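Colleague: This is the structure, below, for whatever I ask next.
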Number of protein chains: 2
Amino acid sequence: MKDVRIKGFEKLTPYDVALKKILERVFEVDKEEVYIENSLNRISAEDIVSEIDVPNFNRAAMDGYAVIAENTFGASDTNPLIFEVIDEVNIGEYKEIYLRDYQAVKIYTGCVMPKNADAVVKFEHTVKIDERRIQILRPVTPGKNVSLKGEDIKKGDIVIKKGELLTPYHIAALAGIGRRKILVYKKPKVLILSIGNELIEPGEKYVKGKVYDINSFALYSLALKYGCIPKRKILPDNYEKIKNEILNSVNSFDIIITTGATSVGKEDIMPILVNDIGELLVHGVSIRPGEPIGIGIVKNKPIFLLPGFPVASIIGFLYFVRPVLEKMLSTKFPRVMIKGTLKRKVASTLGRRDFVRVKVIREDDKFFIEPIRITGSGIISSLLKGDGLLIVEENVEGYEEGEEVEVEIIKI
Amino acid sequence: MKDVRIKGFEKLTPYDVALKKILERVFEVDKEEVYIENSLNRISAEDIVSEIDVPNFNRAAMDGYAVIAENTFGASDTNPLIFEVIDEVNIGEYKEIYLRDYQAVKIYTGCVMPKNADAVVKFEHTVKIDERRIQILRPVTPGKNVSLKGEDIKKGDIVIKKGELLTPYHIAALAGIGRRKILVYKKPKVLILSIGNELIEPGEKYVKGKVYDINSFALYSLALKYGCIPKRKILPDNYEKIKNEILNSVNSFDIIITTGATSVGKEDIMPILVNDIGELLVHGVSIRPGEPIGIGIVKNKPIFLLPGFPVASIIGFLYFVRPVLEKMLSTKFPRVMIKGTLKRKVASTLGRRDFVRVKVIREDDKFFIEPIRITGSGIISSLLKGDGLLIVEENVEGYEEGEEVEVEIIKI
């Protein structure tokens, strides 16, 4: 039980370096096949190649008469051309029809065109003479009112790439090419341990000196949001209990996250524990909030030691766990960024990356970014008031009031 | 079986009027209690009032010594003040301690302050003399390094309002005030019927003249995305079958959506059917795409007759079903809007609302909005290529290339 913790954080690891160290050690999760209707928000684990042309036949794009376009040339109100109506095609039907000159087939949007028909004359441009004959009053050019086979998607086209996040529009496209199932990445399993003698479960009767656990719920919900299967638990500041929990669970999870006990105080046993049972890659990152973050590997699984301060643990998830999930899933989650004018000066320190909680305000047509004033322990209120995070990078000393900055909206 | 369909859509209902007609007829869904960890993306059906102060005690915000601030006045390196250390408070502990003048208690961040202590002197500003005595080298003002009881949230404060969409940050706040469960709106149940003789299920062997059903999958996924419990089914263009399906199911669902058979052709039986078994409120809306949309009520449930064209059915969902869900859930779903410069002219017609599929392009620091060129039946490709929708309202004739426009990003 060697004390591997940094001393007072005098030597912090830069954010990029810390992230790189853990990214190098994680790999893609396994894949599984799911029905497309169950694939919303999953990540495709394959390039989806269409096995059909879409449309899969030359398709009428209008209600009217399918004809050989050339036969209609010269048609007008004063020179109506007479066509013989030899058949009718209804939606969903397939008929082998071959037109001779000046023959037409009654047809509807979405129907299969007769073999050698290459245009549709709208009903409005025809006059019915009797059951077998019509007048055509307008010429059509070849291809008019017809969707050609393969015009939308060609057999062999890649429709969705590996790593794409599946939206309703992707699922619609999968249906359209006839796919019933899709290979996706398995949902990463995430174990979340809130550590602290002071923690009690929400819903338990309040006991003086105790605090309702926030972190495991915040991280549980974030894990759900980013497509994981989370499990949460509170543990006391007890080395053996935490060690046993981790060693007993590590094989069933892809990621372990702990919160609390990661600083340099006497109860901050997590860095020591990870070093004892695995490999501590980083302890202390030059970010704020989140300085005491530790990152390690236990039995080949990444373990994140996030601080007990809820905002820092959330930032730890968003800026360390999320990129690791992205590597495990070969994807990039969408981030909603917004630009606006800073309402108040933001100070920072060179060499440190700051994550500043901000509120986005829309006034008329402009966006303004207001850093949230954190009074004392305004944890819950800042979580509820904030819309996003302004990142002040290491080489920036801060931003002046009135500067244009870009923030990530984390509430969407 | 009266033909109530509008004739050739010569008299279309404006979008706002159509939407208002259905909004007037829908009401809040029922509520249910769920554990907070199961409440992500649900809608709160109650104002959440905190039953505790947060913090629930005066809390140390620094590791150090709790003191009566006044006693430290005048302390400096050259004038160290000697304090008696009478106790230590550990995290999660509650001790009834009352300080006399020049007494101190060793304390850690998050611990309960002694009754009449009002500040914490950091360890760094003290020198240990022996186990019972320290020197204090810096004065502290009352309140320094202490979070006051109720500073974050006061007992009785409304923390979350009815109608709020629950994000990880809301769930964290609920945990922090000790809430184990929350009342949310029940997930609306949505029946989705894709109607058409040409439709086959994805995964079925392809048959000439048939088309893989896209709509029920697109709408199923959208319903999931907006927090519903959807069920999907394909039905042929058969009046009796559709009627029986709707009448047998209507009591088990909150919303019914059909796609296809809603225009004015011979197979477009849906408006007639809805009029026969319920009330047809609207048929034909002056929007594009989506003109043939019908809206009605069957046994007090809203029924949406969306067009068979997939893009139109998606737009029908987003701009008719979504606002109805918002009314049922007393909420407003977040919409991601982005502004950019139009890359190409967009033409529209006065009196009609157009929904133009666009791609958003970021070049350097600027956003550009590119309307998607729809070649023929490029349905699938346009679903995949598009990022959002540009709405051209009724009183706008179109937009010029280079104009600044705002679009809704629908892929997030």
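By order in the structure tokens, chains are A, B, ...; within a chain, residues start at 1; ligands start at 1, following the order shown.
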Using only C-alpha atoms, determine which residues lie at most 12 Å from Leu247 of chain A, disregarding the query and same-chain residues fewer than 6 positions distant; provide the list as a PyMOL selection string.
Modeller: chain A and resi 191+240-241+253+256+273-274+276-278+297-301+303
Colleague: Could you pull out the residues in segment 180-314 of chain A that DSSP calls strand (DSSP E) from the backbone, as a PyMOL selection string?
Modeller: chain A and resi 181-185+189-195+199-200+211-212+229-235+255-259+279-283+287-288+294-298+301-306
Colleague: Can you write out the residues you just picked, keeping N, CA and C atoms, as a short mmCIF file (atom, residue, chain, number, x, y, z; two decimals), in the first residue's frame?
Modeller:
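As written to disk, again_22.cif reads:
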data_model
loop_
_atom_site.label_atom_id
_atom_site.label_comp_id
_atom_site.auth_asym_id
_atom_site.auth_seq_id
_atom_site.Cartn_x
_atom_site.Cartn_y
_atom_site.Cartn_z
N LYS A 181 -32.21 -6.32 -39.56
CA LYS A 181 -31.33 -6.27 -38.41
C LYS A 181 -30.07 -5.48 -38.74
N ILE A 182 -29.40 -5.05 -37.70
CA ILE A 182 -28.15 -4.34 -37.92
C ILE A 182 -27.17 -4.72 -36.81
N LEU A 183 -25.90 -4.79 -37.19
CA LEU A 183 -24.84 -5.07 -36.22
C LEU A 183 -24.48 -3.75 -35.52
N VAL A 184 -24.60 -3.75 -34.22
CA VAL A 184 -24.25 -2.54 -33.45
C VAL A 184 -23.25 -2.92 -32.37
N TYR A 185 -22.61 -1.90 -31.79
CA TYR A 185 -21.75 -2.17 -30.65
C TYR A 185 -22.60 -2.47 -29.43
N LYS A 189 -20.90 -1.59 -20.30
CA LYS A 189 -21.40 -1.72 -18.92
C LYS A 189 -20.51 -0.90 -18.01
N VAL A 190 -21.14 -0.05 -17.24
CA VAL A 190 -20.39 0.90 -16.41
C VAL A 190 -20.77 0.73 -14.95
N LEU A 191 -19.78 0.46 -14.13
CA LEU A 191 -20.00 0.37 -12.68
C LEU A 191 -19.66 1.71 -12.05
N ILE A 192 -20.59 2.24 -11.28
CA ILE A 192 -20.41 3.56 -10.67
C ILE A 192 -20.45 3.41 -9.15
N LEU A 193 -19.36 3.76 -8.51
CA LEU A 193 -19.27 3.65 -7.05
C LEU A 193 -19.10 5.03 -6.45
N SER A 194 -20.09 5.45 -5.66
CA SER A 194 -19.96 6.69 -4.91
C SER A 194 -19.34 6.34 -3.57
N ILE A 195 -18.21 6.95 -3.26
CA ILE A 195 -17.48 6.57 -2.06
C ILE A 195 -17.53 7.69 -1.03
N LEU A 199 -22.23 9.51 2.84
CA LEU A 199 -23.28 9.39 1.82
C LEU A 199 -24.44 8.51 2.27
N ILE A 200 -25.65 8.98 2.02
CA ILE A 200 -26.83 8.14 2.22
C ILE A 200 -27.66 8.16 0.94
N VAL A 211 -25.05 13.23 3.90
CA VAL A 211 -25.39 13.95 2.68
C VAL A 211 -25.99 12.95 1.71
N TYR A 212 -27.08 13.34 1.06
CA TYR A 212 -27.65 12.46 0.03
C TYR A 212 -26.67 12.36 -1.14
N ILE A 229 -24.99 0.66 -20.11
CA ILE A 229 -25.79 -0.02 -19.09
C ILE A 229 -25.08 0.22 -17.76
N PRO A 230 -25.59 1.14 -16.95
CA PRO A 230 -24.90 1.47 -15.71
C PRO A 230 -25.43 0.69 -14.51
N LYS A 231 -24.58 0.56 -13.51
CA LYS A 231 -25.00 0.05 -12.20
C LYS A 231 -24.38 0.97 -11.16
N ARG A 232 -25.13 1.31 -10.12
CA ARG A 232 -24.61 2.27 -9.15
C ARG A 232 -24.66 1.71 -7.73
N LYS A 233 -23.80 2.22 -6.89
CA LYS A 233 -23.69 1.72 -5.52
C LYS A 233 -22.95 2.77 -4.68
N ILE A 234 -23.33 2.85 -3.40
CA ILE A 234 -22.59 3.69 -2.46
C ILE A 234 -21.69 2.79 -1.63
N LEU A 235 -20.45 3.22 -1.41
CA LEU A 235 -19.55 2.48 -0.54
C LEU A 235 -18.94 3.42 0.49
N ILE A 255 -16.19 -0.41 -17.90
CA ILE A 255 -15.62 0.80 -17.31
C ILE A 255 -16.01 0.84 -15.84
N ILE A 256 -15.08 1.26 -15.01
CA ILE A 256 -15.42 1.51 -13.60
C ILE A 256 -15.20 2.98 -13.31
N ILE A 257 -16.16 3.57 -12.63
CA ILE A 257 -16.03 4.96 -12.21
C ILE A 257 -16.24 5.01 -10.71
N THR A 258 -15.32 5.67 -10.01
CA THR A 258 -15.58 5.94 -8.60
C THR A 258 -15.63 7.45 -8.44
N THR A 259 -16.35 7.89 -7.42
CA THR A 259 -16.29 9.32 -7.10
C THR A 259 -15.96 9.45 -5.63
N GLU A 279 -2.97 -0.42 -12.28
CA GLU A 279 -1.96 0.53 -12.73
C GLU A 279 -2.57 1.94 -12.67
N LEU A 280 -1.94 2.82 -11.94
CA LEU A 280 -2.42 4.20 -11.88
C LEU A 280 -1.69 4.99 -12.96
N LEU A 281 -2.44 5.41 -13.98
CA LEU A 281 -1.80 6.10 -15.12
C LEU A 281 -1.61 7.58 -14.84
N VAL A 282 -2.58 8.17 -14.17
CA VAL A 282 -2.58 9.61 -13.95
C VAL A 282 -3.18 9.87 -12.58
N HIS A 283 -2.59 10.80 -11.83
CA HIS A 283 -3.29 11.34 -10.66
C HIS A 283 -3.02 12.82 -10.57
N ILE A 287 -6.87 20.66 -14.66
CA ILE A 287 -8.15 21.21 -15.08
C ILE A 287 -8.87 21.72 -13.84
N ARG A 288 -9.85 22.60 -14.06
CA ARG A 288 -10.65 23.08 -12.93
C ARG A 288 -12.08 23.25 -13.37
N GLY A 294 -8.15 10.90 -11.00
CA GLY A 294 -7.16 9.85 -11.24
C GLY A 294 -7.68 8.93 -12.33
N ILE A 295 -6.77 8.33 -13.07
CA ILE A 295 -7.16 7.41 -14.14
C ILE A 295 -6.24 6.21 -14.07
N GLY A 296 -6.81 5.03 -14.17
CA GLY A 296 -5.97 3.84 -14.13
C GLY A 296 -6.56 2.69 -14.91
N ILE A 297 -5.91 1.56 -14.76
CA ILE A 297 -6.34 0.32 -15.40
C ILE A 297 -6.35 -0.75 -14.33
N VAL A 298 -7.46 -1.47 -14.22
CA VAL A 298 -7.51 -2.63 -13.34
C VAL A 298 -7.99 -3.82 -14.16
N LYS A 301 -9.33 -3.06 -17.53
CA LYS A 301 -10.48 -2.18 -17.66
C LYS A 301 -10.10 -0.79 -17.16
N PRO A 302 -10.56 0.24 -17.88
CA PRO A 302 -10.26 1.60 -17.41
C PRO A 302 -11.03 1.90 -16.12
N ILE A 303 -10.36 2.56 -15.21
CA ILE A 303 -11.02 3.02 -13.99
C ILE A 303 -10.79 4.52 -13.85
N PHE A 304 -11.87 5.23 -13.61
CA PHE A 304 -11.81 6.69 -13.47
C PHE A 304 -12.09 7.05 -12.03
N LEU A 305 -11.16 7.74 -11.41
CA LEU A 305 -11.34 8.21 -10.05
C LEU A 305 -11.78 9.67 -10.13
N LEU A 306 -13.07 9.88 -10.04
CA LEU A 306 -13.57 11.25 -10.18
C LEU A 306 -13.76 11.86 -8.80
#
Colleague: Please provide as a ChimeraX atom specification all residues within 9 Å of Glu370 of chain A, with the sequence filter that same-chain residues fewer than 2 positions apart are discarded (counting only C-alpha atoms).
Modeller: /A:341-344,357-361,368,372-373
Colleague: Find the nearest atom pair between each residue of segment 25-106 of chain A and segment 122-145 of chain A for residues within 7 Å, count only C-alpha atoms, give distances in Å to one decimal, sort rows by chain and ascending number, and present the table as CSV.
Modeller:
residue,atom,partner,partner_atom,distance
A:Ala60,CA,A:Asn145,CA,6.3
A:Ala61,CA,A:Asn145,CA,4.9
A:Met62,CA,A:Asn145,CA,5.8
A:Asp63,CA,A:Lys122,CA,6.0
A:Gly64,CA,A:Lys122,CA,4.3
A:Tyr65,CA,A:Lys122,CA,6.6
A:Ala69,CA,A:Pro142,CA,5.1
A:Thr72,CA,A:Pro139,CA,4.6
A:Phe73,CA,A:Pro139,CA,4.9
A:Gly74,CA,A:Pro139,CA,6.2
A:Ala75,CA,A:Arg138,CA,5.0
A:Ser76,CA,A:Leu137,CA,4.4
A:Asp77,CA,A:Leu137,CA,5.1
A:Pro80,CA,A:Leu137,CA,4.9
A:Leu81,CA,A:Ile136,CA,5.1
A:Ile82,CA,A:Gln135,CA,4.6
A:Phe83,CA,A:Ile134,CA,5.5
A:Glu84,CA,A:Arg133,CA,4.8
A:Val85,CA,A:Arg132,CA,5.0
A:Ile86,CA,A:Arg132,CA,6.9
Colleague: With a cut-off of 7 Å and counting only C-alpha atoms, select all residues of chain A in contact with chain B and give the selection as a PyMOL selection string.
Modeller: chain A and resi 37+40+91-94+111-112+147+151-153+167-173+175-180+197-198+202-203+208-210+212-215+217-218+221-222+376-381+383-384+411
Colleague: Using only C-alpha atoms, determine which residues lie at most 12 Å from Thr349 of chain B, disregarding the query and same-chain residues fewer than 3 positions distant; provide the list as a PyMOL selection string.
Modeller: chain B and resi 286-288+346+352-355+392-399
Colleague: What would the file look like if the residues just selected were written as a PDB file, in the first residue's frame with N, CA and C atoms?
Modeller:
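Result file follows (again08.pdb):
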ATOM      1  N   SER B 286     -52.014  23.426 -46.019  1.00  0.00           N
ATOM      2  CA  SER B 286     -51.196  24.161 -46.986  1.00  0.00           C
ATOM      3  C   SER B 286     -49.725  24.181 -46.557  1.00  0.00           C
ATOM      4  N   ILE B 287     -49.142  22.977 -46.562  1.00  0.00           N
ATOM      5  CA  ILE B 287     -47.711  22.842 -46.308  1.00  0.00           C
ATOM      6  C   ILE B 287     -47.121  21.975 -47.413  1.00  0.00           C
ATOM      7  N   ARG B 288     -45.822  22.066 -47.575  1.00  0.00           N
ATOM      8  CA  ARG B 288     -45.157  21.207 -48.547  1.00  0.00           C
ATOM      9  C   ARG B 288     -43.814  20.792 -48.011  1.00  0.00           C
ATOM     10  N   VAL B 346     -33.963  29.661 -52.177  1.00  0.00           N
ATOM     11  CA  VAL B 346     -35.076  28.763 -51.882  1.00  0.00           C
ATOM     12  C   VAL B 346     -36.357  29.462 -52.303  1.00  0.00           C
ATOM     13  N   ARG B 352     -48.297  29.307 -48.318  1.00  0.00           N
ATOM     14  CA  ARG B 352     -47.968  27.910 -48.047  1.00  0.00           C
ATOM     15  C   ARG B 352     -46.746  27.868 -47.149  1.00  0.00           C
ATOM     16  N   ARG B 353     -46.702  26.917 -46.215  1.00  0.00           N
ATOM     17  CA  ARG B 353     -45.540  26.742 -45.354  1.00  0.00           C
ATOM     18  C   ARG B 353     -44.695  25.602 -45.918  1.00  0.00           C
ATOM     19  N   ASP B 354     -43.451  25.911 -46.256  1.00  0.00           N
ATOM     20  CA  ASP B 354     -42.571  24.883 -46.827  1.00  0.00           C
ATOM     21  C   ASP B 354     -41.553  24.409 -45.808  1.00  0.00           C
ATOM     22  N   PHE B 355     -41.286  23.132 -45.820  1.00  0.00           N
ATOM     23  CA  PHE B 355     -40.245  22.541 -44.984  1.00  0.00           C
ATOM     24  C   PHE B 355     -39.155  22.040 -45.923  1.00  0.00           C
ATOM     25  N   VAL B 392     -40.108  27.747 -44.340  1.00  0.00           N
ATOM     26  CA  VAL B 392     -40.429  28.996 -45.039  1.00  0.00           C
ATOM     27  C   VAL B 392     -41.900  29.284 -44.742  1.00  0.00           C
ATOM     28  N   GLU B 393     -42.135  30.286 -43.916  1.00  0.00           N
ATOM     29  CA  GLU B 393     -43.500  30.528 -43.452  1.00  0.00           C
ATOM     30  C   GLU B 393     -44.392  31.083 -44.560  1.00  0.00           C
ATOM     31  N   GLU B 394     -45.685  31.137 -44.258  1.00  0.00           N
ATOM     32  CA  GLU B 394     -46.706  31.478 -45.254  1.00  0.00           C
ATOM     33  C   GLU B 394     -46.502  32.871 -45.854  1.00  0.00           C
ATOM     34  N   ASN B 395     -45.992  33.793 -45.030  1.00  0.00           N
ATOM     35  CA  ASN B 395     -45.872  35.175 -45.507  1.00  0.00           C
ATOM     36  C   ASN B 395     -44.516  35.473 -46.149  1.00  0.00           C
ATOM     37  N   VAL B 396     -43.740  34.428 -46.417  1.00  0.00           N
ATOM     38  CA  VAL B 396     -42.415  34.597 -47.017  1.00  0.00           C
ATOM     39  C   VAL B 396     -42.422  33.903 -48.383  1.00  0.00           C
ATOM     40  N   GLU B 397     -41.951  34.615 -49.395  1.00  0.00           N
ATOM     41  CA  GLU B 397     -41.982  34.034 -50.743  1.00  0.00           C
ATOM     42  C   GLU B 397     -40.787  33.150 -51.021  1.00  0.00           C
ATOM     43  N   GLY B 398     -39.810  33.193 -50.118  1.00  0.00           N
ATOM     44  CA  GLY B 398     -38.610  32.397 -50.336  1.00  0.00           C
ATOM     45  C   GLY B 398     -37.423  33.156 -49.783  1.00  0.00           C
ATOM     46  N   TYR B 399     -36.249  32.584 -49.928  1.00  0.00           N
ATOM     47  CA  TYR B 399     -35.045  33.244 -49.448  1.00  0.00           C
ATOM     48  C   TYR B 399     -34.021  33.283 -50.574  1.00  0.00           C
TER      49      TYR B 399
END
Colleague: So which residues touch Tyr239 of chain B within 9 Å, counting only C-alpha atoms, skipping near sequence neighbours fewer than 4 positions away, as JSON, numbers by chain?
Modeller: {"B": [243, 244, 269, 270, 273]}
Colleague: Can you list every residue in segment 92-267 of chain B that DSSP puts in helix (DSSP H, G or I), as an mmCIF file with N, CA and C atoms, in the first residue's frame?
Modeller:
data_model
loop_
_atom_site.group_PDB
_atom_site.id
_atom_site.type_symbol
_atom_site.label_atom_id
_atom_site.label_comp_id
_atom_site.auth_asym_id
_atom_site.auth_seq_id
_atom_site.Cartn_x
_atom_site.Cartn_y
_atom_site.Cartn_z
ATOM 1 N N PHE B 123 -5.355 24.600 6.750
ATOM 2 C CA PHE B 123 -4.154 24.006 7.362
ATOM 3 C C PHE B 123 -2.900 24.821 7.031
ATOM 4 N N GLU B 124 -2.810 25.282 5.771
ATOM 5 C CA GLU B 124 -1.626 26.009 5.322
ATOM 6 C C GLU B 124 -1.361 27.272 6.146
ATOM 7 N N HIS B 125 -2.403 27.802 6.788
ATOM 8 C CA HIS B 125 -2.227 29.039 7.560
ATOM 9 C C HIS B 125 -2.123 28.773 9.064
ATOM 10 N N PRO B 168 -29.755 14.469 -16.894
ATOM 11 C CA PRO B 168 -28.908 13.983 -15.792
ATOM 12 C C PRO B 168 -28.749 15.024 -14.684
ATOM 13 N N TYR B 169 -28.823 16.298 -15.033
ATOM 14 C CA TYR B 169 -28.605 17.352 -14.056
ATOM 15 C C TYR B 169 -29.822 17.507 -13.140
ATOM 16 N N HIS B 170 -30.998 17.295 -13.704
ATOM 17 C CA HIS B 170 -32.206 17.280 -12.875
ATOM 18 C C HIS B 170 -32.180 16.088 -11.924
ATOM 19 N N ILE B 171 -31.754 14.960 -12.434
ATOM 20 C CA ILE B 171 -31.743 13.740 -11.613
ATOM 21 C C ILE B 171 -30.724 13.883 -10.487
ATOM 22 N N ALA B 172 -29.596 14.516 -10.793
ATOM 23 C CA ALA B 172 -28.604 14.802 -9.750
ATOM 24 C C ALA B 172 -29.217 15.690 -8.666
ATOM 25 N N ALA B 173 -29.963 16.689 -9.085
ATOM 26 C CA ALA B 173 -30.572 17.607 -8.114
ATOM 27 C C ALA B 173 -31.616 16.887 -7.267
ATOM 28 N N LEU B 174 -32.387 16.014 -7.889
ATOM 29 C CA LEU B 174 -33.385 15.238 -7.139
ATOM 30 C C LEU B 174 -32.700 14.391 -6.068
ATOM 31 N N ALA B 175 -31.595 13.744 -6.455
ATOM 32 C CA ALA B 175 -30.847 12.946 -5.478
ATOM 33 C C ALA B 175 -30.369 13.849 -4.347
ATOM 34 N N GLY B 176 -29.852 14.994 -4.699
ATOM 35 C CA GLY B 176 -29.275 15.897 -3.705
ATOM 36 C C GLY B 176 -30.273 16.375 -2.657
ATOM 37 N N ASN B 215 -42.050 4.063 -43.589
ATOM 38 C CA ASN B 215 -42.732 4.999 -42.684
ATOM 39 C C ASN B 215 -42.936 4.491 -41.268
ATOM 40 N N SER B 216 -43.369 3.251 -41.142
ATOM 41 C CA SER B 216 -43.676 2.810 -39.778
ATOM 42 C C SER B 216 -42.398 2.752 -38.949
ATOM 43 N N PHE B 217 -41.261 2.505 -39.610
ATOM 44 C CA PHE B 217 -40.000 2.481 -38.872
ATOM 45 C C PHE B 217 -39.532 3.896 -38.524
ATOM 46 N N ALA B 218 -39.687 4.802 -39.476
ATOM 47 C CA ALA B 218 -39.312 6.198 -39.192
ATOM 48 C C ALA B 218 -40.152 6.742 -38.037
ATOM 49 N N LEU B 219 -41.455 6.491 -38.089
ATOM 50 C CA LEU B 219 -42.350 7.051 -37.064
ATOM 51 C C LEU B 219 -42.179 6.326 -35.733
ATOM 52 N N TYR B 220 -41.917 5.034 -35.791
ATOM 53 C CA TYR B 220 -41.660 4.256 -34.569
ATOM 54 C C TYR B 220 -40.455 4.857 -33.837
ATOM 55 N N SER B 221 -39.402 5.126 -34.594
ATOM 56 C CA SER B 221 -38.174 5.659 -33.986
ATOM 57 C C SER B 221 -38.387 7.079 -33.474
ATOM 58 N N LEU B 222 -39.132 7.882 -34.226
ATOM 59 C CA LEU B 222 -39.421 9.239 -33.756
ATOM 60 C C LEU B 222 -40.258 9.190 -32.484
ATOM 61 N N ALA B 223 -41.219 8.278 -32.435
ATOM 62 C CA ALA B 223 -42.057 8.149 -31.237
ATOM 63 C C ALA B 223 -41.185 7.756 -30.041
ATOM 64 N N LEU B 224 -40.252 6.835 -30.252
ATOM 65 C CA LEU B 224 -39.324 6.470 -29.172
ATOM 66 C C LEU B 224 -38.511 7.679 -28.741
ATOM 67 N N LYS B 225 -37.994 8.397 -29.732
ATOM 68 C CA LYS B 225 -37.163 9.558 -29.441
ATOM 69 C C LYS B 225 -37.906 10.571 -28.581
ATOM 70 N N TYR B 239 -60.413 -1.129 -46.502
ATOM 71 C CA TYR B 239 -61.235 -0.316 -45.601
ATOM 72 C C TYR B 239 -61.609 -1.078 -44.333
ATOM 73 N N GLU B 240 -62.116 -2.296 -44.486
ATOM 74 C CA GLU B 240 -62.611 -3.039 -43.316
ATOM 75 C C GLU B 240 -61.483 -3.416 -42.373
ATOM 76 N N LYS B 241 -60.366 -3.868 -42.951
ATOM 77 C CA LYS B 241 -59.235 -4.259 -42.100
ATOM 78 C C LYS B 241 -58.708 -3.083 -41.296
ATOM 79 N N ILE B 242 -58.580 -1.930 -41.963
ATOM 80 C CA ILE B 242 -58.040 -0.754 -41.263
ATOM 81 C C ILE B 242 -59.033 -0.308 -40.186
ATOM 82 N N LYS B 243 -60.308 -0.294 -40.541
ATOM 83 C CA LYS B 243 -61.342 0.124 -39.593
ATOM 84 C C LYS B 243 -61.330 -0.774 -38.360
ATOM 85 N N ASN B 244 -61.270 -2.091 -38.583
ATOM 86 C CA ASN B 244 -61.279 -3.017 -37.446
ATOM 87 C C ASN B 244 -60.042 -2.835 -36.581
ATOM 88 N N GLU B 245 -58.900 -2.675 -37.236
ATOM 89 C CA GLU B 245 -57.654 -2.487 -36.483
ATOM 90 C C GLU B 245 -57.765 -1.243 -35.588
ATOM 91 N N ILE B 246 -58.248 -0.157 -36.154
ATOM 92 C CA ILE B 246 -58.335 1.084 -35.380
ATOM 93 C C ILE B 246 -59.357 0.944 -34.251
ATOM 94 N N LEU B 247 -60.518 0.410 -34.563
ATOM 95 C CA LEU B 247 -61.557 0.319 -33.522
ATOM 96 C C LEU B 247 -61.159 -0.663 -32.412
ATOM 97 N N ASN B 248 -60.457 -1.714 -32.785
ATOM 98 C CA ASN B 248 -60.018 -2.672 -31.756
ATOM 99 C C ASN B 248 -58.889 -2.129 -30.891
ATOM 100 N N SER B 249 -58.100 -1.192 -31.427
ATOM 101 C CA SER B 249 -56.901 -0.729 -30.714
ATOM 102 C C SER B 249 -57.086 0.602 -30.007
ATOM 103 N N VAL B 250 -58.048 1.379 -30.449
ATOM 104 C CA VAL B 250 -58.075 2.794 -30.055
ATOM 105 C C VAL B 250 -58.088 2.997 -28.540
ATOM 106 N N ASN B 251 -58.722 2.098 -27.809
ATOM 107 C CA ASN B 251 -58.770 2.284 -26.357
ATOM 108 C C ASN B 251 -57.430 2.028 -25.667
ATOM 109 N N SER B 252 -56.529 1.329 -26.352
ATOM 110 C CA SER B 252 -55.232 1.018 -25.736
ATOM 111 C C SER B 252 -54.151 2.033 -26.105
#
